[in-house]
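See below for upload09.pdb, which holds PDB, C-alpha atoms.
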ATOM      1  CA  MET A   1      29.251  16.648  -2.394
ATOM      2  CA  SER A   2      27.615  15.371  -5.576
ATOM      3  CA  LEU A   3      25.951  18.651  -6.625
ATOM      4  CA  ASN A   4      28.830  21.087  -6.182
ATOM      5  CA  GLY A   5      28.459  23.992  -8.591
ATOM      6  CA  LYS A   6      24.854  23.115  -9.463
ATOM      7  CA  VAL A   7      21.925  25.504  -9.064
ATOM      8  CA  ALA A   8      18.404  24.346  -8.216
ATOM      9  CA  ILE A   9      14.913  25.799  -8.022
ATOM     10  CA  VAL A  10      12.446  24.100  -5.669
ATOM     11  CA  THR A  11       8.892  25.426  -5.853
ATOM     12  CA  GLY A  12       6.763  25.322  -2.724
ATOM     13  CA  SER A  13       9.869  24.869  -0.577
ATOM     14  CA  GLY A  14       9.044  27.027   2.418
ATOM     15  CA  ARG A  15       8.153  24.065   4.610
ATOM     16  CA  GLY A  16       7.374  20.344   4.601
ATOM     17  CA  LEU A  17       8.486  18.146   1.727
ATOM     18  CA  GLY A  18       9.653  21.079  -0.377
ATOM     19  CA  LEU A  19      11.950  22.374   2.351
ATOM     20  CA  ALA A  20      13.348  18.861   2.854
ATOM     21  CA  TYR A  21      14.143  18.678  -0.865
ATOM     22  CA  ALA A  22      15.808  22.095  -0.880
ATOM     23  CA  ALA A  23      17.832  21.342   2.248
ATOM     24  CA  GLU A  24      19.100  18.037   0.842
ATOM     25  CA  LEU A  25      20.045  19.587  -2.497
ATOM     26  CA  ALA A  26      21.972  22.251  -0.596
ATOM     27  CA  ARG A  27      23.605  19.640   1.619
ATOM     28  CA  GLN A  28      24.817  17.936  -1.555
ATOM     29  CA  GLY A  29      26.382  21.216  -2.692
ATOM     30  CA  ALA A  30      23.721  22.914  -4.829
ATOM     31  CA  SER A  31      22.758  26.569  -4.488
ATOM     32  CA  VAL A  32      18.987  26.771  -4.100
ATOM     33  CA  VAL A  33      16.172  29.131  -5.029
ATOM     34  CA  ILE A  34      13.454  28.779  -2.375
ATOM     35  CA  ASN A  35       9.856  29.569  -3.306
ATOM     36  CA  ASP A  36       6.771  30.184  -1.181
ATOM     37  CA  VAL A  37       3.754  32.499  -1.168
ATOM     38  CA  ASP A  38       4.525  33.728   2.362
ATOM     39  CA  ALA A  39       7.549  36.004   2.775
ATOM     40  CA  GLN A  40       8.341  34.998   6.360
ATOM     41  CA  THR A  41       8.069  31.295   5.581
ATOM     42  CA  ALA A  42      10.411  31.738   2.618
ATOM     43  CA  ALA A  43      12.882  33.751   4.705
ATOM     44  CA  ASP A  44      12.858  31.100   7.428
ATOM     45  CA  ALA A  45      13.558  28.403   4.826
ATOM     46  CA  VAL A  46      16.518  30.368   3.458
ATOM     47  CA  ALA A  47      17.828  30.756   7.018
ATOM     48  CA  THR A  48      17.488  27.006   7.583
ATOM     49  CA  VAL A  49      19.537  26.212   4.469
ATOM     50  CA  GLU A  50      22.165  28.843   5.289
ATOM     51  CA  ALA A  51      22.469  27.716   8.915
ATOM     52  CA  ALA A  52      23.501  24.292   7.609
ATOM     53  CA  GLY A  53      26.181  25.867   5.413
ATOM     54  CA  GLY A  54      24.210  26.072   2.169
ATOM     55  CA  LYS A  55      23.444  28.905  -0.207
ATOM     56  CA  ALA A  56      19.876  30.015  -0.878
ATOM     57  CA  VAL A  57      17.721  32.930  -1.984
ATOM     58  CA  ALA A  58      13.947  33.285  -1.975
ATOM     59  CA  VAL A  59      11.307  34.189  -4.536
ATOM     60  CA  VAL A  60       7.955  35.003  -2.924
ATOM     61  CA  ALA A  61       5.259  34.401  -5.533
ATOM     62  CA  PRO A  62       2.432  31.951  -6.318
ATOM     63  CA  VAL A  63       3.313  29.201  -8.766
ATOM     64  CA  GLY A  64       1.128  28.975 -11.857
ATOM     65  CA  PRO A  65       1.632  32.203 -13.822
ATOM     66  CA  THR A  66       4.396  32.414 -16.404
ATOM     67  CA  GLU A  67       5.660  35.525 -14.607
ATOM     68  CA  THR A  68       6.482  33.475 -11.510
ATOM     69  CA  ALA A  69       8.382  30.899 -13.570
ATOM     70  CA  GLN A  70      10.363  33.728 -15.154
ATOM     71  CA  LYS A  71      11.162  35.229 -11.734
ATOM     72  CA  LEU A  72      12.385  31.884 -10.445
ATOM     73  CA  VAL A  73      14.744  31.260 -13.352
ATOM     74  CA  ALA A  74      15.945  34.870 -13.266
ATOM     75  CA  ALA A  75      16.720  34.535  -9.539
ATOM     76  CA  ALA A  76      18.794  31.425 -10.187
ATOM     77  CA  VAL A  77      20.776  33.080 -12.981
ATOM     78  CA  GLU A  78      21.198  36.474 -11.330
ATOM     79  CA  ASN A  79      22.275  35.105  -7.955
ATOM     80  CA  PHE A  80      24.159  31.952  -8.916
ATOM     81  CA  GLY A  81      24.926  32.284 -12.633
ATOM     82  CA  ARG A  82      23.031  29.321 -14.065
ATOM     83  CA  LEU A  83      20.249  26.739 -13.645
ATOM     84  CA  ASP A  84      20.747  22.972 -13.526
ATOM     85  CA  ILE A  85      17.857  21.520 -11.520
ATOM     86  CA  LEU A  86      14.126  22.199 -11.230
ATOM     87  CA  VAL A  87      11.910  20.514  -8.639
ATOM     88  CA  THR A  88       8.218  21.339  -9.076
ATOM     89  CA  ASN A  89       6.719  20.720  -5.645
ATOM     90  CA  ALA A  90       4.276  23.624  -5.097
ATOM     91  CA  GLY A  91       0.686  22.630  -4.565
ATOM     92  CA  VAL A  92      -2.626  23.296  -2.851
ATOM     93  CA  LEU A  93      -5.634  21.164  -1.958
ATOM     94  CA  ARG A  94      -9.339  21.873  -2.407
ATOM     95  CA  ASP A  95     -10.834  18.482  -1.570
ATOM     96  CA  THR A  96     -14.519  17.767  -2.065
ATOM     97  CA  VAL A  97     -16.663  15.249  -3.934
ATOM     98  CA  LEU A  98     -17.440  15.777  -7.611
ATOM     99  CA  TRP A  99     -21.007  17.073  -7.186
ATOM    100  CA  LYS A 100     -19.885  19.697  -4.663
ATOM    101  CA  MET A 101     -16.646  20.787  -6.375
ATOM    102  CA  SER A 102     -16.838  24.364  -7.631
ATOM    103  CA  ASP A 103     -15.113  25.769 -10.701
ATOM    104  CA  ASP A 104     -12.780  27.634  -8.355
ATOM    105  CA  ASP A 105     -11.943  24.455  -6.417
ATOM    106  CA  PHE A 106     -10.983  22.757  -9.670
ATOM    107  CA  ASP A 107      -9.221  25.670 -11.331
ATOM    108  CA  THR A 108      -7.132  26.595  -8.278
ATOM    109  CA  VAL A 109      -5.635  23.121  -7.927
ATOM    110  CA  ILE A 110      -5.071  22.686 -11.665
ATOM    111  CA  ASN A 111      -3.468  26.122 -11.909
ATOM    112  CA  VAL A 112      -0.917  25.549  -9.152
ATOM    113  CA  HIS A 113      -0.092  21.877  -9.678
ATOM    114  CA  LEU A 114      -0.472  21.325 -13.406
ATOM    115  CA  ARG A 115      -0.082  24.765 -14.978
ATOM    116  CA  GLY A 116       2.613  25.653 -12.450
ATOM    117  CA  THR A 117       4.575  22.542 -13.364
ATOM    118  CA  PHE A 118       4.167  23.384 -17.049
ATOM    119  CA  THR A 119       5.189  27.053 -16.828
ATOM    120  CA  CYS A 120       8.179  26.340 -14.583
ATOM    121  CA  GLY A 121       9.198  23.347 -16.691
ATOM    122  CA  ARG A 122       9.014  25.362 -19.899
ATOM    123  CA  GLU A 123      11.063  28.239 -18.478
ATOM    124  CA  ALA A 124      13.660  25.931 -16.946
ATOM    125  CA  ALA A 125      14.005  23.810 -20.092
ATOM    126  CA  THR A 126      14.499  26.931 -22.185
ATOM    127  CA  ARG A 127      17.331  28.104 -19.924
ATOM    128  CA  MET A 128      18.939  24.666 -19.717
ATOM    129  CA  ARG A 129      18.883  24.278 -23.504
ATOM    130  CA  GLU A 130      20.506  27.709 -23.891
ATOM    131  CA  GLN A 131      23.273  26.670 -21.491
ATOM    132  CA  GLY A 132      23.828  23.513 -23.521
ATOM    133  CA  GLU A 133      25.011  21.436 -20.572
ATOM    134  CA  GLY A 134      21.951  19.302 -19.834
ATOM    135  CA  GLY A 135      19.822  19.527 -16.730
ATOM    136  CA  ARG A 136      17.352  17.818 -14.429
ATOM    137  CA  ILE A 137      13.597  18.359 -14.136
ATOM    138  CA  ILE A 138      11.966  16.525 -11.231
ATOM    139  CA  CYS A 139       8.203  16.798 -10.859
ATOM    140  CA  ILE A 140       6.252  15.700  -7.807
ATOM    141  CA  GLY A 141       3.355  13.340  -8.404
ATOM    142  CA  SER A 142       1.120  11.473  -5.981
ATOM    143  CA  PRO A 143      -0.437   8.038  -5.481
ATOM    144  CA  THR A 144      -3.738   9.863  -6.075
ATOM    145  CA  GLY A 145      -2.657  10.645  -9.622
ATOM    146  CA  GLN A 146      -1.726   6.997 -10.159
ATOM    147  CA  ARG A 147      -4.791   5.329  -8.616
ATOM    148  CA  GLY A 148      -7.398   7.984  -7.756
ATOM    149  CA  ASN A 149      -8.731   9.021  -4.353
ATOM    150  CA  PHE A 150     -12.185   9.873  -3.035
ATOM    151  CA  GLY A 151     -12.836  13.624  -2.989
ATOM    152  CA  GLN A 152      -9.817  14.596  -5.092
ATOM    153  CA  THR A 153     -10.993  14.996  -8.687
ATOM    154  CA  ASN A 154      -8.898  18.133  -9.163
ATOM    155  CA  TYR A 155      -5.769  16.811  -7.456
ATOM    156  CA  ALA A 156      -5.926  13.437  -9.225
ATOM    157  CA  ALA A 157      -6.287  15.134 -12.607
ATOM    158  CA  ALA A 158      -3.351  17.431 -11.930
ATOM    159  CA  LYS A 159      -1.029  14.719 -10.648
ATOM    160  CA  ALA A 160      -1.886  12.309 -13.460
ATOM    161  CA  GLY A 161      -1.280  15.131 -15.936
ATOM    162  CA  ILE A 162       2.119  15.846 -14.409
ATOM    163  CA  VAL A 163       3.272  12.271 -15.020
ATOM    164  CA  GLY A 164       2.003  12.525 -18.600
ATOM    165  CA  MET A 165       4.020  15.698 -19.123
ATOM    166  CA  VAL A 166       7.138  14.081 -17.663
ATOM    167  CA  ARG A 167       6.956  11.216 -20.154
ATOM    168  CA  THR A 168       6.586  13.701 -22.989
ATOM    169  CA  TRP A 169       9.400  15.949 -21.780
ATOM    170  CA  ALA A 170      11.716  12.958 -21.463
ATOM    171  CA  LEU A 171      11.282  12.427 -25.213
ATOM    172  CA  GLU A 172      11.523  16.086 -26.182
ATOM    173  CA  LEU A 173      14.530  16.969 -24.006
ATOM    174  CA  LYS A 174      16.634  13.831 -24.420
ATOM    175  CA  ARG A 175      18.763  15.297 -27.191
ATOM    176  CA  ALA A 176      19.626  18.262 -24.954
ATOM    177  CA  GLY A 177      20.774  15.976 -22.131
ATOM    178  CA  ILE A 178      17.921  17.095 -19.877
ATOM    179  CA  THR A 179      16.174  14.368 -17.895
ATOM    180  CA  ALA A 180      12.576  14.572 -16.679
ATOM    181  CA  ASN A 181      11.217  12.317 -13.956
ATOM    182  CA  ALA A 182       8.301  12.190 -11.529
ATOM    183  CA  VAL A 183       8.647  11.302  -7.858
ATOM    184  CA  ILE A 184       5.628   9.820  -6.059
ATOM    185  CA  PRO A 185       6.187  10.512  -2.339
ATOM    186  CA  VAL A 186       4.380   8.934   0.596
ATOM    187  CA  ALA A 187       5.268  10.847   3.750
ATOM    188  CA  ALA A 188       3.989  12.529   6.872
ATOM    189  CA  THR A 189       2.611  15.894   5.766
ATOM    190  CA  ALA A 190      -0.026  18.351   6.911
ATOM    191  CA  MET A 191      -2.530  16.360   4.823
ATOM    192  CA  THR A 192      -1.718  12.925   6.274
ATOM    193  CA  ALA A 193      -1.621  14.389   9.781
ATOM    194  CA  THR A 194      -5.431  14.632   9.669
ATOM    195  CA  VAL A 195      -5.968  10.960   8.708
ATOM    196  CA  PRO A 196      -6.578   8.727  11.771
ATOM    197  CA  TYR A 197      -5.007   5.707  10.045
ATOM    198  CA  PHE A 198      -1.590   7.447  10.098
ATOM    199  CA  ALA A 199      -1.943   8.954  13.600
ATOM    200  CA  ALA A 200       0.640   6.717  15.308
ATOM    201  CA  ALA A 201       3.201   7.441  12.597
ATOM    202  CA  VAL A 202       2.547  11.174  12.681
ATOM    203  CA  GLU A 203       2.802  11.167  16.489
ATOM    204  CA  ALA A 204       6.198   9.476  16.345
ATOM    205  CA  ASP A 205       7.456  11.877  13.692
ATOM    206  CA  ALA A 206       6.290  14.906  15.694
ATOM    207  CA  LYS A 207       8.215  13.623  18.734
ATOM    208  CA  GLY A 208      11.353  12.983  16.701
ATOM    209  CA  GLU A 209      11.002   9.244  17.280
ATOM    210  CA  PRO A 210      11.395   6.499  14.649
ATOM    211  CA  MET A 211       8.134   5.581  12.951
ATOM    212  CA  PRO A 212       6.873   2.051  13.658
ATOM    213  CA  ALA A 213       8.169  -0.551  11.199
ATOM    214  CA  PHE A 214       4.605  -1.295  10.038
ATOM    215  CA  PHE A 215       4.409   2.173   8.492
ATOM    216  CA  ARG A 216       7.955   2.400   7.178
ATOM    217  CA  HIS A 217       8.158  -1.083   5.700
ATOM    218  CA  ASP A 218       4.660  -2.449   5.101
ATOM    219  CA  LEU A 219       3.103   0.827   3.928
ATOM    220  CA  GLY A 220       6.197   2.607   2.613
ATOM    221  CA  PHE A 221       5.214   5.642   4.698
ATOM    222  CA  GLY A 222       7.948   7.786   6.210
ATOM    223  CA  THR A 223       9.296  11.281   6.721
ATOM    224  CA  SER A 224      10.073  14.108   4.334
ATOM    225  CA  ASP A 225      13.763  13.293   4.660
ATOM    226  CA  ASP A 226      13.104   9.779   3.351
ATOM    227  CA  VAL A 227      12.004  11.328   0.036
ATOM    228  CA  ALA A 228      14.742  13.938  -0.200
ATOM    229  CA  GLY A 229      17.501  11.462  -1.031
ATOM    230  CA  VAL A 230      15.710  10.371  -4.203
ATOM    231  CA  ILE A 231      15.344  14.000  -5.269
ATOM    232  CA  ALA A 232      19.078  14.609  -4.820
ATOM    233  CA  TYR A 233      19.962  11.403  -6.653
ATOM    234  CA  LEU A 234      17.789  12.238  -9.664
ATOM    235  CA  ALA A 235      19.356  15.715  -9.693
ATOM    236  CA  SER A 236      22.875  14.287  -9.872
ATOM    237  CA  ASP A 237      25.127  13.178 -12.732
ATOM    238  CA  ALA A 238      24.746   9.608 -11.450
ATOM    239  CA  ALA A 239      21.138   9.618 -12.745
ATOM    240  CA  ALA A 240      21.975  10.851 -16.254
ATOM    241  CA  ASP A 241      20.376   7.753 -17.809
ATOM    242  CA  VAL A 242      17.177   7.864 -15.733
ATOM    243  CA  THR A 243      14.420   9.759 -17.529
ATOM    244  CA  GLY A 244      10.698   9.492 -18.175
ATOM    245  CA  GLN A 245      10.173   7.497 -14.982
ATOM    246  CA  ALA A 246       7.681   7.644 -12.107
ATOM    247  CA  ILE A 247       9.516   6.645  -8.932
ATOM    248  CA  GLY A 248       7.665   6.021  -5.682
ATOM    249  CA  VAL A 249       9.377   6.495  -2.342
ATOM    250  CA  GLY A 250       8.359   6.459   1.288
ATOM    251  CA  GLY A 251       9.836   5.096   4.489
ATOM    252  CA  ASP A 252      11.999   2.070   3.671
ATOM    253  CA  ARG A 253      10.354   1.453   0.283
ATOM    254  CA  LEU A 254      11.413   2.468  -3.213
ATOM    255  CA  GLN A 255       9.182   1.663  -6.211
ATOM    256  CA  LEU A 256       9.233   2.043  -9.955
ATOM    257  CA  TRP A 257       5.707   2.661 -11.245
ATOM    258  CA  SER A 258       4.853   1.097 -14.590
ATOM    259  CA  HIS A 259       3.685   3.040 -17.587
ATOM    260  CA  PRO A 260       0.055   2.142 -18.431
ATOM    261  CA  GLU A 261      -0.029  -1.042 -20.503
ATOM    262  CA  PRO A 262      -2.925  -3.215 -21.717
ATOM    263  CA  VAL A 263      -3.583  -6.114 -19.349
ATOM    264  CA  VAL A 264      -5.883  -8.078 -21.677
ATOM    265  CA  THR A 265      -6.289  -7.927 -25.466
ATOM    266  CA  ALA A 266      -9.073  -9.561 -27.465
ATOM    267  CA  TYR A 267      -9.896  -9.527 -31.177
ATOM    268  CA  ARG A 268     -13.131 -10.076 -33.057
ATOM    269  CA  ASP A 269     -13.543 -10.201 -36.811
ATOM    270  CA  GLY A 270     -15.654  -7.280 -37.937
ATOM    271  CA  GLY A 271     -15.101  -5.312 -34.729
ATOM    272  CA  TRP A 272     -16.868  -5.023 -31.420
ATOM    273  CA  THR A 273     -20.574  -4.262 -31.779
ATOM    274  CA  TYR A 274     -22.866  -3.673 -28.820
ATOM    275  CA  ASP A 275     -24.280  -7.211 -29.142
ATOM    276  CA  ALA A 276     -20.779  -8.696 -29.219
ATOM    277  CA  LEU A 277     -19.749  -6.721 -26.172
ATOM    278  CA  GLU A 278     -22.890  -7.688 -24.275
ATOM    279  CA  ALA A 279     -22.231 -11.338 -25.028
ATOM    280  CA  ASP A 280     -18.480 -11.505 -24.581
ATOM    281  CA  PHE A 281     -17.140  -8.568 -22.511
ATOM    282  CA  ALA A 282     -17.535 -10.247 -19.123
ATOM    283  CA  GLY A 283     -15.871 -13.413 -20.365
ATOM    284  CA  GLU A 284     -12.973 -11.597 -21.991
ATOM    285  CA  PHE A 285     -12.348  -8.875 -19.419
ATOM    286  CA  GLY A 286     -14.453  -9.471 -16.302
ATOM    287  CA  GLY A 287     -11.675 -11.189 -14.376
ATOM    288  CA  SER A 288      -9.132  -8.498 -15.219
ATOM    289  CA  LEU A 289     -10.948  -5.246 -14.436
ATOM    290  CA  GLN A 290      -8.598  -2.902 -12.618
ATOM    291  CA  SER A 291      -9.105  -1.666  -9.081
ATOM    292  CA  VAL A 292      -9.277   2.035  -8.219
ATOM    293  CA  GLY A 293      -8.002   3.887  -5.189
ATOM    294  CA  GLU A 294      -5.582   2.553  -2.604
ATOM    295  CA  SER A 295      -6.365  -0.104  -0.005
ATOM    296  CA  PHE A 296      -4.459  -0.395   3.249
ATOM    297  CA  PRO A 297      -4.041  -3.448   5.486
ATOM    298  CA  PRO A 298      -5.642  -3.371   8.949
ATOM    299  CA  LEU A 299      -3.630  -1.446  11.514
ATOM    300  CA  PRO A 300      -2.000  -3.576  14.209
ATOM    301  CA  GLU A 301      -3.898  -3.110  17.457
ATOM    302  CA  ASP A 302      -1.064  -1.261  19.187
ATOM    303  CA  LEU A 303      -0.988   1.358  16.418
ATOM    304  CA  GLN A 304      -4.705   2.068  16.364
ATOM    305  CA  ARG A 305      -5.869   5.493  17.555
ATOM    306  CA  PRO A 306      -9.417   6.713  18.173
ATOM    307  CA  ALA A 307     -10.894   8.886  15.454
ATOM    308  CA  PRO A 308     -11.151  12.576  16.463
ATOM    309  CA  SER A 309     -14.576  13.599  17.718
ATOM    310  CA  ALA A 310     -16.692  15.723  15.381
TER     311      ALA A 310
END
If you convert what's in this file into structure tokens, what do you get?
Amino acid sequence: MSLNGKVAIVTGSGRGLGLAYAAELARQGASVVINDVDAQTAADAVATVEAAGGKAVAVVAPVGPTETAQKLVAAAVENFGRLDILVTNAGVLRDTVLWKMSDDDFDTVINVHLRGTFTCGREAATRMREQGEGGRIICIGSPTGQRGNFGQTNYAAAKAGIVGMVRTWALELKRAGITANAVIPVAATAMTATVPYFAAAVEADAKGEPMPAFFRHDLGFGTSDDVAGVIAYLASDAAADVTGQAIGVGGDRLQLWSHPEPVVTAYRDGGWTYDALEADFAGEFGGSLQSVGESFPPLPEDLQRPAPSA
């Protein structure tokens, strides 16, 4: 097992993707700190890991506050003696369009996703640097943070911010042998279960059947377990040279997202005045303007499902 002797924290690991990550880390030999806001859910997750032969304890607390980050690291050290791996998966959704989004909608999502990643990352990095033996920080992003998505101002901001932090941490922690990477998963979750486009895939997953190849291959859409292997790999010694990256995974597809780079560059003596832009912008940049959001190919007829009635 590649993670024997390692200790991991996985936030938001009571169910879904987070539980899949924790279970795979344990299967690879790591001892795991489970985290959830619901005590029974956390206890059930610990039981799941232990039933498969792994070691786990739970911390029941909401991610975001520094106090929770401190409790998580303390649980790792007190129960297992050290900390080697942090996976920041905890999150919530408060979806609505910009003009209807309340301060609370925005603040709640930013607090859990972005601030929670920051506070847990800071606490984990501090412990790992004290140990002096390196470490792994793996943060969970989203295609929404990379491309945007209708009705998700708060979520897009948080997930884009997480990738920005990862790139910064990769620079700051390199000397300590601590890697920082973002994983961009595409998988059947409670959120995708409500989207008619994915209905056939979600149905298959719920029945324990293989997802149709269209989803797994063409869309790179799969199960939680399809993502878990990447988490375990990035947590291992084999990935010691992988840092500062955003890695997409889903179904049969693995992707390396690019860092933002200019796609067109133009120069004008004296700078770009309004008149110059009005005259030349379309000619210089019009054919290279970047798309926003994700577009999906039409569903094959046999995979189409009727939209739920209102």
Next item on the list: Could you jot down the atom CA of Thr144 of chain A to atom CA of Val112 of chain A separation for me, Å, one decimal place?
Entry: 16.2 Å
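With all atoms listed in the file as the atoms that count, the minimum distance from Asp225 of chain A to the choices A:Ala22, A:Ala160, A:Ile137, A:Ala182 is reached by A:Ala22.
Distance check against Arg15 of chain A using only C-alpha atoms: of A:Gln245, A:Thr126, A:Gln40, A:Thr117, the minimum falls on A:Gln40.
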Shell of 6 Å around Ala170 of chain A, all atoms listed in the file, local chain residues under 6 positions omitted, as an mmCIF file with C-alpha atoms, in the frame of the given file:
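Listed below is the output, selection_20.cif:
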data_model
loop_
_atom_site.group_PDB
_atom_site.id
_atom_site.type_symbol
_atom_site.label_atom_id
_atom_site.label_comp_id
_atom_site.auth_asym_id
_atom_site.auth_seq_id
_atom_site.Cartn_x
_atom_site.Cartn_y
_atom_site.Cartn_z
ATOM 1 C CA THR A 179 16.174 14.368 -17.895
ATOM 2 C CA ALA A 180 12.576 14.572 -16.679
ATOM 3 C CA THR A 243 14.420 9.759 -17.529
ATOM 4 C CA GLY A 244 10.698 9.492 -18.175
#
Next item on the list: Check which residues satisfy the PyMOL selection byres ((chain A and resi 229) around 12) in the file shown, then give them as an MDAnalysis selection string.
Entry: chainID A and resid 2 17 20:28 183 185 223:228 230:236 249:252 254
Could I get segment 161-180 of chain A from the block written out with N, CA, C and O atoms, as a PDB file, in the first residue's frame?
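Wrote result.pdb, looks like this:
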ATOM      1  N   GLY A 161     -10.869  30.946  -6.848  1.00  0.00           N
ATOM      2  CA  GLY A 161      -9.942  31.388  -5.810  1.00  0.00           C
ATOM      3  C   GLY A 161      -9.105  30.255  -5.259  1.00  0.00           C
ATOM      4  O   GLY A 161      -7.922  30.428  -4.938  1.00  0.00           O
ATOM      5  N   ILE A 162      -9.702  29.074  -5.140  1.00  0.00           N
ATOM      6  CA  ILE A 162      -8.974  27.912  -4.636  1.00  0.00           C
ATOM      7  C   ILE A 162      -7.815  27.568  -5.560  1.00  0.00           C
ATOM      8  O   ILE A 162      -6.690  27.297  -5.111  1.00  0.00           O
ATOM      9  N   VAL A 163      -8.043  27.578  -6.864  1.00  0.00           N
ATOM     10  CA  VAL A 163      -6.961  27.279  -7.802  1.00  0.00           C
ATOM     11  C   VAL A 163      -5.871  28.340  -7.710  1.00  0.00           C
ATOM     12  O   VAL A 163      -4.679  28.033  -7.770  1.00  0.00           O
ATOM     13  N   GLY A 164      -6.266  29.599  -7.527  1.00  0.00           N
ATOM     14  CA  GLY A 164      -5.276  30.662  -7.350  1.00  0.00           C
ATOM     15  C   GLY A 164      -4.429  30.448  -6.106  1.00  0.00           C
ATOM     16  O   GLY A 164      -3.204  30.662  -6.118  1.00  0.00           O
ATOM     17  N   MET A 165      -5.050  30.014  -5.027  1.00  0.00           N
ATOM     18  CA  MET A 165      -4.302  29.739  -3.799  1.00  0.00           C
ATOM     19  C   MET A 165      -3.337  28.576  -4.001  1.00  0.00           C
ATOM     20  O   MET A 165      -2.195  28.603  -3.528  1.00  0.00           O
ATOM     21  N   VAL A 166      -3.788  27.543  -4.697  1.00  0.00           N
ATOM     22  CA  VAL A 166      -2.938  26.376  -4.937  1.00  0.00           C
ATOM     23  C   VAL A 166      -1.660  26.775  -5.675  1.00  0.00           C
ATOM     24  O   VAL A 166      -0.558  26.327  -5.326  1.00  0.00           O
ATOM     25  N   ARG A 167      -1.800  27.614  -6.688  1.00  0.00           N
ATOM     26  CA  ARG A 167      -0.610  28.041  -7.439  1.00  0.00           C
ATOM     27  C   ARG A 167       0.352  28.814  -6.543  1.00  0.00           C
ATOM     28  O   ARG A 167       1.578  28.681  -6.649  1.00  0.00           O
ATOM     29  N   THR A 168      -0.213  29.625  -5.663  1.00  0.00           N
ATOM     30  CA  THR A 168       0.619  30.393  -4.736  1.00  0.00           C
ATOM     31  C   THR A 168       1.287  29.488  -3.708  1.00  0.00           C
ATOM     32  O   THR A 168       2.486  29.611  -3.425  1.00  0.00           O
ATOM     33  N   TRP A 169       0.517  28.556  -3.155  1.00  0.00           N
ATOM     34  CA  TRP A 169       1.080  27.651  -2.147  1.00  0.00           C
ATOM     35  C   TRP A 169       2.177  26.767  -2.734  1.00  0.00           C
ATOM     36  O   TRP A 169       3.137  26.428  -2.046  1.00  0.00           O
ATOM     37  N   ALA A 170       2.022  26.387  -4.000  1.00  0.00           N
ATOM     38  CA  ALA A 170       3.056  25.572  -4.634  1.00  0.00           C
ATOM     39  C   ALA A 170       4.397  26.300  -4.617  1.00  0.00           C
ATOM     40  O   ALA A 170       5.452  25.678  -4.417  1.00  0.00           O
ATOM     41  N   LEU A 171       4.365  27.608  -4.805  1.00  0.00           N
ATOM     42  CA  LEU A 171       5.590  28.417  -4.757  1.00  0.00           C
ATOM     43  C   LEU A 171       6.104  28.536  -3.324  1.00  0.00           C
ATOM     44  O   LEU A 171       7.301  28.347  -3.057  1.00  0.00           O
ATOM     45  N   GLU A 172       5.199  28.837  -2.404  1.00  0.00           N
ATOM     46  CA  GLU A 172       5.608  29.120  -1.029  1.00  0.00           C
ATOM     47  C   GLU A 172       6.087  27.876  -0.276  1.00  0.00           C
ATOM     48  O   GLU A 172       6.938  27.970   0.615  1.00  0.00           O
ATOM     49  N   LEU A 173       5.539  26.709  -0.622  1.00  0.00           N
ATOM     50  CA  LEU A 173       5.814  25.496   0.148  1.00  0.00           C
ATOM     51  C   LEU A 173       6.824  24.565  -0.517  1.00  0.00           C
ATOM     52  O   LEU A 173       7.186  23.525   0.057  1.00  0.00           O
ATOM     53  N   LYS A 174       7.298  24.944  -1.694  1.00  0.00           N
ATOM     54  CA  LYS A 174       8.210  24.062  -2.431  1.00  0.00           C
ATOM     55  C   LYS A 174       9.453  23.717  -1.620  1.00  0.00           C
ATOM     56  O   LYS A 174       9.883  22.561  -1.566  1.00  0.00           O
ATOM     57  N   ARG A 175      10.031  24.713  -0.982  1.00  0.00           N
ATOM     58  CA  ARG A 175      11.263  24.490  -0.228  1.00  0.00           C
ATOM     59  C   ARG A 175      11.060  23.494   0.916  1.00  0.00           C
ATOM     60  O   ARG A 175      11.990  22.780   1.307  1.00  0.00           O
ATOM     61  N   ALA A 176       9.845  23.432   1.447  1.00  0.00           N
ATOM     62  CA  ALA A 176       9.542  22.510   2.537  1.00  0.00           C
ATOM     63  C   ALA A 176       9.162  21.119   2.041  1.00  0.00           C
ATOM     64  O   ALA A 176       8.865  20.233   2.851  1.00  0.00           O
ATOM     65  N   GLY A 177       9.152  20.909   0.735  1.00  0.00           N
ATOM     66  CA  GLY A 177       8.788  19.611   0.184  1.00  0.00           C
ATOM     67  C   GLY A 177       7.304  19.313   0.250  1.00  0.00           C
ATOM     68  O   GLY A 177       6.889  18.156   0.200  1.00  0.00           O
ATOM     69  N   ILE A 178       6.498  20.370   0.351  1.00  0.00           N
ATOM     70  CA  ILE A 178       5.040  20.215   0.416  1.00  0.00           C
ATOM     71  C   ILE A 178       4.459  20.588  -0.942  1.00  0.00           C
ATOM     72  O   ILE A 178       4.679  21.702  -1.430  1.00  0.00           O
ATOM     73  N   THR A 179       3.729  19.672  -1.560  1.00  0.00           N
ATOM     74  CA  THR A 179       3.092  19.973  -2.833  1.00  0.00           C
ATOM     75  C   THR A 179       1.674  20.485  -2.607  1.00  0.00           C
ATOM     76  O   THR A 179       1.036  20.171  -1.597  1.00  0.00           O
ATOM     77  N   ALA A 180       1.185  21.262  -3.549  1.00  0.00           N
ATOM     78  CA  ALA A 180      -0.190  21.774  -3.506  1.00  0.00           C
ATOM     79  C   ALA A 180      -0.776  21.668  -4.907  1.00  0.00           C
ATOM     80  O   ALA A 180      -0.205  22.205  -5.866  1.00  0.00           O
TER      81      ALA A 180
END
